[in-house]
There are 2 protein chains.
Amino acid sequence: MSNKIQDIKCLFEPRLVAVIGASHNKNKIGYKILENIICSGYAGKIYPVNPAGGEILNIKASKSLDDINGNVDMALIVIPAKYTFDIVKECAKKKVKSLVIITSGFSEIGNIEEEKEIVDYAHKHGMRVLGPNIFGIYSSMVSINATFGPKDVNPGNVAIITQSGALGIAMFGKTKIENIGLSCVVSVGNKSDIDEADILEYLVSDKNTKVILMYIEGIKNGEKLVTILKKTTKKKPVVVIKSGSSKRGAIAAASHTGSLAGADEIFSDIMKQCGVMRAESIQEALIWCKFLANAPIPKGNNTIIITNGGGLGVLSADACEKYNVTLYDNNQNIKKTFESLVPNFGSVKNPIDLTGQTTITGYENALNATFKNKNIHSIICLGCETAVLGADKFLPAIEKIYLENKSAKPIVFSLLGGIEIENGIRDLRGKGVPIFSDVCEAVSCFGAMYVNYQNVTSSISIDDNIKKIEIDTSLTEGIIEKVKQDKRQFLLSYEAAGIMQAAGLNVLQSYVGHNMDESVMYAEKIGYPVVMKVVSKDIVHKSDVGGVALDLENKEEVIDAYQAIIHNCREYMSDAIIEGVEIVEMVKPGTEIIIGARRDKTFGPIVMFGLGGIYVEVMKDVSFRALPLDNREAMSMIKAIKSYPLLLGVRGEKKKDINSIIDIIIKIGTILQKCDSISDIEINPLVVYEQGEGVKILDVRILTFKL
Amino acid sequence: MSNKIQDIKCLFEPRLVAVIGASHNKNKIGYKILENIICSGYAGKIYPVNPAGGEILNIKASKSLDDINGNVDMALIVIPAKYTFDIVKECAKKKVKSLVIITSGFSEIGNIEEEKEIVDYAHKHGMRVLGPNIFGIYSSMVSINATFGPKDVNPGNVAIITQSGALGIAMFGKTKIENIGLSCVVSVGNKSDIDEADILEYLVSDKNTKVILMYIEGIKNGEKLVTILKKTTKKKPVVVIKSGSSKRGAIAAASHTGSLAGADEIFSDIMKQCGVMRAESIQEALIWCKFLANAPIPKGNNTIIITNGGGLGVLSADACEKYNVTLYDNNQNIKKTFESLVPNFGSVKNPIDLTGQTTITGYENALNATFKNKNIHSIICLGCETAVLGADKFLPAIEKIYLENKSAKPIVFSLLGGIEIENGIRDLRGKGVPIFSDVCEAVSCFGAMYVNYQNVTSSISIDDNIKKIEIDTSLTEGIIEKVKQDKRQFLLSYEAAGIMQAAGLNVLQSYVGHNMDESVMYAEKIGYPVVMKVVSKDIVHKSDVGGVALDLENKEEVIDAYQAIIHNCREYMSDAIIEGVEIVEMVKPGTEIIIGARRDKTFGPIVMFGLGGIYVEVMKDVSFRALPLDNREAMSMIKAIKSYPLLLGVRGEKKKDINSIIDIIIKIGTILQKCDSISDIEINPLVVYEQGEGVKILDVRILTFKL
């Protein structure tokens, strides 16, 4: 076990805790935290520290850390910001293992420097830091509630990691209402040292934790987070709530590729890539967590809906489509199972409509048949209160059926009716039955469950599947060196083409002729027809000024074009530095695509994919993925765009060469990862031909970081 | 007042009610309905009718209708289907005004014929029919609950119209939980005679009804519904729930235009056109109705968010964008109002973050300042339970603020916290305070409110604004007559062009040359360059067989092309009937658009709009509207597509001639409305040029109904 993980473990399983700033004043946080630790039944040693000494909550307070007898696993710091660094130094002397800095007044109000100094100092002395600006940590492992949040916590197997304080405490309180058992609650606040990724690294192998809920406002180190999220979701479900999905909340990303979509689209796409479920509201997230913590993993995708109201059945079928829940549709098998149980005017198709005349026995029979049928893997059971079937019948039957079968197959219930039904729902939820007033809420749980099912049953291990791409780094380094010498941030087109070639990419043949003779020589080498373009960093819109000539068929045309281009460019800007003329092969038309790779502020190296021109610029039809990615993930990002059918061939066209696109995505991703100086790569357009006929990169734009 | 409305009124304000099939058996519907009528405190006369006579619920039962002393306004029929028609005949003899047929067993199980006979018979004898296959009607006007639904109903100002039985009763019951006051509940069932539109026609001027909720499964007469919905939403909000939004639920529409989108997209677009709010779930619909029934109409769009948790503020800003709620953004005015009330590290931008340290006084001051500021029109007040601010402080303050200000400006609350907060929310909701656990629910109410605000404040009266388009019907009738004589369903291209010309549309110049000389004559008339196309109903893919020639510059080329076309077509199909060759002007390229008009099974004449080719076929980027429509509605349908920016001009292009597109939409809509024989019109493509430069219709496809 690495030293790092050992440190995090101290937070979850401390044997001795010091509360530095423990207070005699009941209204102070330094009192509330101590009170919560004591109330939570923590069996380890508790040392309140207060220079005034005396007794707090019947425990003798130590006047200083030196008075503590033993090794401090966790020091909770609840003193004003201005004294914090001094106390951290004392903690270092005492060889404290981990610091939980509750105190606010650091980077969140601009005091970035001191926060950094504290962390640096702590690291030098072997201490990890949680916080500052947090409400503490709860861990069921040793039954410690070291927070100033709610007193009364149910231990269980849902872990919460929250960046927000006020909202985090309130959410923590709400788990009690939903009767959600918690394995831990960690407030990460300013994330000066320990962040979500560190906590996940511990939780992924924590036996008490079955489900993880994260509330995120911003991400500091997305690369680290993505890596651990991919690992975690293969083992247990992760639900995330992230605020700032609207334009008003999202920060406009700086570079061109990023400007195509708000940062929220990138976040959303990458969470999907990681197998994380994103909830739209706190309520939704909590419902999912509770359901996922208790339901068995289904044995397959076939879901059946049983109802006594046709309308409710249709509403739930709509919701199944929204949440990607697969409705079982083997009508023959369905008919065999349910035919004898459904009246003539009911439906023996999925949703199974038992009709409004059904009694509770009808439901019991239908559900029993459902549990017995091995082809059905999960059940959505819906009911409307009717003249013949009220709360008195529904509620006890549902409780009994659930308790008897809850480990056999996932089942979720939704009832619609009056006050007795509503009270009954609340009552059954208290008892752990997954039952909801709202059909959509019920179905959304199945949506979350099936994301997890895909994650855990997919047999491919991400890391093993990443294709190793060789890059000729001597080549790339040479090109980048030249760019740096020129004090440029952009690569000239032949330089960019050189970088592509270093990754073995199928690029357009392109040479720079520095005079007429060279131009003719290259044209002959490439073979006719060719295109000629001026090479000059002073001339941006080359076509507009007559710096481009197309479809040159022979030597004579090349000579004429060379003269015309030089003449036009001189006329446009007499002092432009013209390096020469680029000679490129002429290509046949195909489907145009844009592929980009850039370093996202949040997630580090990412790739972007979309269909050329209008699709990207106007329709914003793009998808993003974090690097590294394997072929399967590259395929999923291609499929994710709405215009994907164009690549499959429409209007009688044949399927396009999707494998070549995947190859390019993986390769430019690798270039970005291996060449630290490069900040942006954009292939625009990439022309894709029919399957087996490959692609052509028509233009590449590569940027480096500011010097 | 029309006779028709008089009839509907009987259902809502009956003075004498007969329950035909009133039963002595407590488990029978015929007993329950009578019991509900008596319990509801109905002051009119009640006559149970039962051939056995005796007393039911202490009322003497009449053995037959003849025994009733007085005029029957409403006869509730709860006898088996097989006796129903006979009773209807007796009702006619007794001159009953309206029939409420609870009984099932008619069109819903295929017994369509008898249902139709009953309605025809009823109409002949001046009676209207509600049902069959319903649970009855509740009307607060005369305090009558003539349903077998819940006993205990709160009178109020929300009207419910439901097509579904089981779901309707359950929803009816749920109103009690949400403490929603009802003006009426009408179960329309099979809609054999009275449908949603009839009920709306009554409710639009019913003073007791402030908000209308409809649960719809399918629409029989969409045209009638659209007309009355447009009128109703100008006066009061209408919320609709429609199931079947998923592919599984939606029926594939038959014709080509319809196949572009499931019927649900059409429904959704047309509801927006009518100003109707579509709820995603029953819960959402009920919440909106309650809020709309109680909140004042805002005086403007500026909404402010006040919170003590930054995270909650961001979540609600996200929700505001989702629900089209406008956040007030005059930062100067906001700063002036709130600066002194927000701590240094809080935010005086919208959302206003009072910070987690705020006390209840901080909230009160901020809210008072908000109510005083005339530039702020509505308020979203959010709170997180914190160490300094718990349920004991929040709840009474919210109640007080709401009661004091509820008629001044719309306000909605959301609190996040533990059990006390949750119980407090339930308690306050019982008292009518619009407060929610979930931020999205709170904000969604404002979304609904602002749809209504737009509806009622928009000064344009729909009907007055419909542009009158003249169609030369003698021309269209002549063309259609010829098509009928030919026993065709499709119009030849010159015929379709003729129909367009009848509406004064700017069509391509096109003539049919029946021989070479005629062809040359027409080409000279049009002016060069021209295009030539074979005219033959036997040859569909004209280009593929060499039946088209482009860019003909002079007489000689026309002669060559004529010979080539005839030769190619003969070679392709020697016995093809060739009417001649169409000569068309050659047009310059522009933005391609598709406009369609067709008769939808549900909504009657509708129009469709989208950008040409891929946008429609692959991206499904289309919008629909019901006819008739005015310029404003045509503009809104153009704006509704995602690719709309293309019409505004991208990549340095100028804005396109949108007014000409509107003109075409209105005109082909009018053609469809005025020419009964035409089932489908599709202009594909319409080429649009820059603003002021108009459009060109390149191809029109017109279909007629089957003979």
# chains A, B, ... in the order shown; residues from 1 in each chain; ligands from 1
call {"tool": "interface_residues", "arguments": {"of": "chain A", "to": "chain B", "cutoff": "7 Å", "atoms": "only C-alpha atoms", "output": "compact mmCIF listing (two decimals) with N, CA, C and O atoms, in the first residue's frame"}}
result
# COMPACT_ATOMS: atom_id res chain seq x y z
N ILE A 109 -11.58 33.36 -0.52
CA ILE A 109 -11.73 34.83 -0.50
C ILE A 109 -10.46 35.51 -1.05
O ILE A 109 -10.21 36.68 -0.79
N SER A 164 -19.47 21.74 -1.92
CA SER A 164 -20.22 22.86 -1.34
C SER A 164 -20.45 22.64 0.14
O SER A 164 -20.69 21.53 0.60
N ALA A 166 -22.68 24.82 2.54
CA ALA A 166 -24.09 24.98 2.94
C ALA A 166 -24.95 23.91 2.29
O ALA A 166 -25.73 23.22 2.95
N LEU A 167 -24.77 23.75 0.98
CA LEU A 167 -25.57 22.77 0.26
C LEU A 167 -25.23 21.35 0.71
O LEU A 167 -26.09 20.48 0.80
N ALA A 170 -26.91 20.56 4.05
CA ALA A 170 -28.34 20.37 3.83
C ALA A 170 -28.61 19.02 3.16
O ALA A 170 -29.54 18.30 3.53
N MET A 171 -27.76 18.65 2.23
CA MET A 171 -27.91 17.37 1.52
C MET A 171 -27.69 16.21 2.50
O MET A 171 -28.41 15.21 2.47
N GLY A 173 -28.28 16.31 5.63
CA GLY A 173 -29.50 16.23 6.44
C GLY A 173 -30.61 15.51 5.70
O GLY A 173 -31.38 14.75 6.27
N LYS A 174 -30.67 15.75 4.40
CA LYS A 174 -31.74 15.17 3.60
C LYS A 174 -31.62 13.65 3.48
O LYS A 174 -32.62 12.97 3.25
N LYS A 176 -31.19 11.68 5.76
CA LYS A 176 -31.95 11.12 6.89
C LYS A 176 -33.43 10.97 6.51
O LYS A 176 -34.07 9.96 6.84
N ILE A 177 -33.95 11.96 5.81
CA ILE A 177 -35.36 11.93 5.41
C ILE A 177 -35.61 10.77 4.45
O ILE A 177 -36.60 10.06 4.55
N SER A 243 -23.32 21.72 -10.69
CA SER A 243 -24.06 22.94 -11.01
C SER A 243 -23.30 23.68 -12.10
O SER A 243 -22.15 23.37 -12.41
N GLY A 244 -23.96 24.65 -12.69
CA GLY A 244 -23.33 25.46 -13.73
C GLY A 244 -23.52 24.90 -15.12
O GLY A 244 -22.70 25.11 -16.00
N SER A 245 -24.64 24.21 -15.36
CA SER A 245 -24.87 23.67 -16.70
C SER A 245 -25.37 24.75 -17.65
O SER A 245 -25.30 24.60 -18.85
N SER A 246 -25.86 25.86 -17.13
CA SER A 246 -26.38 26.91 -18.00
C SER A 246 -25.27 27.82 -18.48
O SER A 246 -24.18 27.84 -17.92
N GLY A 249 -23.77 30.05 -15.98
CA GLY A 249 -22.84 29.47 -15.03
C GLY A 249 -21.53 29.02 -15.68
O GLY A 249 -20.49 28.98 -15.05
N GLN A 283 -32.49 15.77 -5.33
CA GLN A 283 -33.52 14.76 -5.06
C GLN A 283 -33.28 13.52 -5.92
O GLN A 283 -33.27 12.40 -5.42
N GLY A 309 -53.45 0.59 -15.08
CA GLY A 309 -53.95 1.75 -15.80
C GLY A 309 -53.16 1.91 -17.08
O GLY A 309 -51.93 2.08 -17.06
N GLY A 311 -52.95 4.32 -19.15
CA GLY A 311 -52.29 5.64 -19.22
C GLY A 311 -50.96 5.65 -18.49
O GLY A 311 -49.95 6.12 -19.01
N LEU A 312 -50.97 5.07 -17.29
CA LEU A 312 -49.76 5.03 -16.48
C LEU A 312 -48.70 4.16 -17.19
O LEU A 312 -47.51 4.47 -17.14
N VAL A 314 -48.33 3.81 -20.44
CA VAL A 314 -47.75 4.58 -21.55
C VAL A 314 -46.77 5.62 -21.00
O VAL A 314 -45.66 5.78 -21.51
N LEU A 315 -47.17 6.31 -19.92
CA LEU A 315 -46.26 7.30 -19.30
C LEU A 315 -44.93 6.66 -18.92
O LEU A 315 -43.87 7.24 -19.10
N ASP A 318 -42.80 5.86 -21.95
CA ASP A 318 -42.12 7.10 -22.36
C ASP A 318 -40.87 7.32 -21.52
O ASP A 318 -39.79 7.63 -22.03
N GLU A 321 -37.91 5.11 -22.38
CA GLU A 321 -37.13 5.57 -23.52
C GLU A 321 -36.19 6.69 -23.10
O GLU A 321 -35.01 6.71 -23.45
N PHE A 345 -59.87 -7.52 -22.55
CA PHE A 345 -59.67 -6.15 -23.05
C PHE A 345 -58.40 -5.51 -22.48
O PHE A 345 -58.14 -4.34 -22.67
N GLY A 356 -58.25 -1.79 -15.00
CA GLY A 356 -58.77 -1.19 -13.76
C GLY A 356 -59.64 -2.12 -12.94
O GLY A 356 -59.96 -1.84 -11.79
N CYS A 384 -52.80 2.29 -10.08
CA CYS A 384 -53.70 3.42 -9.84
C CYS A 384 -54.70 2.96 -8.78
O CYS A 384 -55.22 1.84 -8.85
N GLU A 385 -54.98 3.83 -7.85
CA GLU A 385 -56.04 3.54 -6.88
C GLU A 385 -57.36 3.48 -7.65
O GLU A 385 -57.67 4.38 -8.43
N THR A 386 -58.13 2.42 -7.47
CA THR A 386 -59.42 2.32 -8.18
C THR A 386 -60.51 1.98 -7.17
O THR A 386 -60.23 1.81 -5.98
N LEU A 416 -50.35 5.73 -7.78
CA LEU A 416 -50.99 7.02 -7.93
C LEU A 416 -52.34 6.95 -7.23
O LEU A 416 -53.12 6.04 -7.49
N GLY A 417 -52.58 7.90 -6.33
CA GLY A 417 -53.86 7.88 -5.65
C GLY A 417 -53.97 8.98 -4.63
O GLY A 417 -53.21 9.96 -4.67
N GLY A 418 -54.89 8.81 -3.70
CA GLY A 418 -55.19 9.85 -2.71
C GLY A 418 -54.26 9.82 -1.51
O GLY A 418 -53.17 9.25 -1.54
N ILE A 419 -54.71 10.44 -0.43
CA ILE A 419 -53.88 10.65 0.75
C ILE A 419 -53.39 9.34 1.37
O ILE A 419 -52.24 9.24 1.79
N ASP A 438 -44.15 9.41 -8.26
CA ASP A 438 -43.95 9.81 -9.63
C ASP A 438 -43.36 8.67 -10.46
O ASP A 438 -42.32 8.09 -10.10
N VAL A 618 -22.80 25.71 -36.36
CA VAL A 618 -24.17 26.15 -36.10
C VAL A 618 -24.93 25.16 -35.25
O VAL A 618 -25.57 25.52 -34.27
N MET A 619 -24.86 23.90 -35.59
CA MET A 619 -25.65 22.89 -34.90
C MET A 619 -24.99 22.45 -33.59
O MET A 619 -25.60 21.75 -32.81
N LYS A 642 -25.29 13.73 -33.46
CA LYS A 642 -26.60 13.53 -34.10
C LYS A 642 -26.46 13.23 -35.58
O LYS A 642 -27.28 12.55 -36.16
N SER A 643 -25.40 13.78 -36.19
CA SER A 643 -25.23 13.61 -37.63
C SER A 643 -24.53 12.29 -37.97
O SER A 643 -24.16 12.06 -39.11
N PRO A 645 -25.62 9.37 -38.60
CA PRO A 645 -26.14 8.62 -39.77
C PRO A 645 -25.47 9.00 -41.08
O PRO A 645 -25.41 8.18 -42.00
call {"tool": "residues_around", "arguments": {"residues": "Ile697 in chain B", "least_positions_apart": "2", "cutoff": "7 Å", "atoms": "only C-alpha atoms", "output": "list in words"}}
result
Val507, Leu508, Ile683, Pro685, Leu686, Val687, Val695 and Asp699 of chain B
call {"tool": "closest_residue", "arguments": {"among": "B:Val239, B:Ala263, B:Ile352, B:Ile134", "to": "Met277 in chain B", "atoms": "only C-alpha atoms"}}
result
B:Val239
call {"tool": "atom_distance", "arguments": {"atom1": "CA of Pro155 in chain B", "atom2": "CA of Lys26 in chain B"}}
result
25.8 Å
call {"tool": "select_by_dssp", "arguments": {"residues": "range 54-218 of chain A", "states": "strand (DSSP E or B)", "output": "JSON, numbers by chain"}}
result
{"A": [55, 56, 59, 60, 62, 74, 75, 76, 77, 98, 99, 100, 101, 128, 129, 130, 136, 137, 138, 139, 144, 145, 146, 147, 155, 156, 157, 158, 159, 160, 161, 162, 182, 183, 184, 185, 186, 187, 211, 212, 213, 214, 215, 216]}
call {"tool": "residues_around", "arguments": {"residues": "Gly44 in chain B", "least_positions_apart": "3", "cutoff": "8 Å", "atoms": "only C-alpha atoms", "output": "list in words"}}
result
Pro14, Arg15, Leu16, Val17 and Val142 of chain B
call {"tool": "write_last_selection", "arguments": {"atoms": "C-alpha atoms", "output": "mmCIF file, in the first residue's frame"}}
result
data_model
loop_
_atom_site.group_PDB
_atom_site.id
_atom_site.type_symbol
_atom_site.label_atom_id
_atom_site.label_comp_id
_atom_site.auth_asym_id
_atom_site.auth_seq_id
_atom_site.Cartn_x
_atom_site.Cartn_y
_atom_site.Cartn_z
ATOM 1 C CA PRO B 14 -77.767 20.843 -13.254
ATOM 2 C CA ARG B 15 -80.873 21.588 -11.202
ATOM 3 C CA LEU B 16 -82.224 18.056 -11.357
ATOM 4 C CA VAL B 17 -80.168 14.896 -11.651
ATOM 5 C CA VAL B 142 -73.517 23.603 -7.752
#
call {"tool": "select_by_dssp", "arguments": {"residues": "range 226-385 of chain A", "states": "helix (DSSP H, G or I)", "output": "PyMOL selection string"}}
result
chain A and resi 226-233+256-259+263-273+282-294+310-322+331-341+360-372
call {"tool": "atom_distance", "arguments": {"atom1": "CA of Tyr363 in chain A", "atom2": "CA of Ile33 in chain B"}}
result
26.3 Å
call {"tool": "closest_residue", "arguments": {"among": "B:Leu491, B:Ile112, B:Val49, B:Val483", "to": "Cys91 in chain B", "atoms": "only C-alpha atoms"}}
result
B:Val49
call {"tool": "residues_around", "arguments": {"residues": "Lys93 in chain A", "least_positions_apart": "5", "cutoff": "10 Å", "atoms": "only C-alpha atoms", "output": "PDB file with all heavy atoms, in the first residue's frame"}}
result
ATOM      1  N   LEU A  65      -1.145  20.907  22.113  1.00  0.00           N
ATOM      2  CA  LEU A  65      -0.993  19.597  21.491  1.00  0.00           C
ATOM      3  C   LEU A  65      -0.023  18.706  22.267  1.00  0.00           C
ATOM      4  O   LEU A  65      -0.179  17.481  22.305  1.00  0.00           O
ATOM      5  CB  LEU A  65      -0.481  19.757  20.050  1.00  0.00           C
ATOM      6  CG  LEU A  65      -1.521  20.084  18.980  1.00  0.00           C
ATOM      7  CD1 LEU A  65      -0.830  20.411  17.671  1.00  0.00           C
ATOM      8  CD2 LEU A  65      -2.466  18.902  18.777  1.00  0.00           C
ATOM      9  N   ASP A  66       0.974  19.368  22.904  1.00  0.00           N
ATOM     10  CA  ASP A  66       1.975  18.612  23.649  1.00  0.00           C
ATOM     11  C   ASP A  66       1.368  17.789  24.773  1.00  0.00           C
ATOM     12  O   ASP A  66       1.901  16.749  25.165  1.00  0.00           O
ATOM     13  CB  ASP A  66       3.014  19.573  24.240  1.00  0.00           C
ATOM     14  CG  ASP A  66       3.834  20.239  23.148  1.00  0.00           C
ATOM     15  OD1 ASP A  66       3.927  19.638  22.042  1.00  0.00           O
ATOM     16  OD2 ASP A  66       4.342  21.356  23.374  1.00  0.00           O
ATOM     17  N   ILE A  87      -0.743  26.809  14.104  1.00  0.00           N
ATOM     18  CA  ILE A  87      -1.190  25.526  14.650  1.00  0.00           C
ATOM     19  C   ILE A  87      -0.721  24.375  13.764  1.00  0.00           C
ATOM     20  O   ILE A  87      -0.332  23.316  14.258  1.00  0.00           O
ATOM     21  CB  ILE A  87      -2.739  25.523  14.792  1.00  0.00           C
ATOM     22  CG1 ILE A  87      -3.133  26.259  16.077  1.00  0.00           C
ATOM     23  CG2 ILE A  87      -3.309  24.120  14.783  1.00  0.00           C
ATOM     24  CD1 ILE A  87      -2.725  25.563  17.370  1.00  0.00           C
ATOM     25  N   VAL A  88      -0.726  24.615  12.443  1.00  0.00           N
ATOM     26  CA  VAL A  88      -0.253  23.580  11.515  1.00  0.00           C
ATOM     27  C   VAL A  88       1.203  23.243  11.840  1.00  0.00           C
ATOM     28  O   VAL A  88       1.606  22.067  11.842  1.00  0.00           O
ATOM     29  CB  VAL A  88      -0.419  24.041  10.051  1.00  0.00           C
ATOM     30  CG1 VAL A  88       0.332  23.111   9.096  1.00  0.00           C
ATOM     31  CG2 VAL A  88      -1.905  24.089   9.682  1.00  0.00           C
ATOM     32  N   HIS A 125       6.159  17.903   6.044  1.00  0.00           N
ATOM     33  CA  HIS A 125       6.177  17.206   7.323  1.00  0.00           C
ATOM     34  C   HIS A 125       5.273  15.975   7.341  1.00  0.00           C
ATOM     35  O   HIS A 125       4.801  15.550   8.403  1.00  0.00           O
ATOM     36  CB  HIS A 125       5.815  18.179   8.446  1.00  0.00           C
ATOM     37  CG  HIS A 125       6.863  19.254   8.613  1.00  0.00           C
ATOM     38  ND1 HIS A 125       6.893  20.372   7.802  1.00  0.00           N
ATOM     39  CD2 HIS A 125       7.933  19.346   9.445  1.00  0.00           C
ATOM     40  CE1 HIS A 125       7.920  21.125   8.148  1.00  0.00           C
ATOM     41  NE2 HIS A 125       8.578  20.526   9.130  1.00  0.00           N
TER      42      HIS A 125
END
call {"tool": "residues_around", "arguments": {"residues": "Pro396 in chain B", "least_positions_apart": "3", "cutoff": "12 Å", "atoms": "only C-alpha atoms", "output": "list in words"}}
result
Ile360, Glu364, Gly390, Ala391, Asp392, Lys393, Glu399, Lys400, Ile401, Tyr402, Leu403, Ile421, Gly424, Ile425, Asp427, Leu428, Lys431 and Val433 of chain B
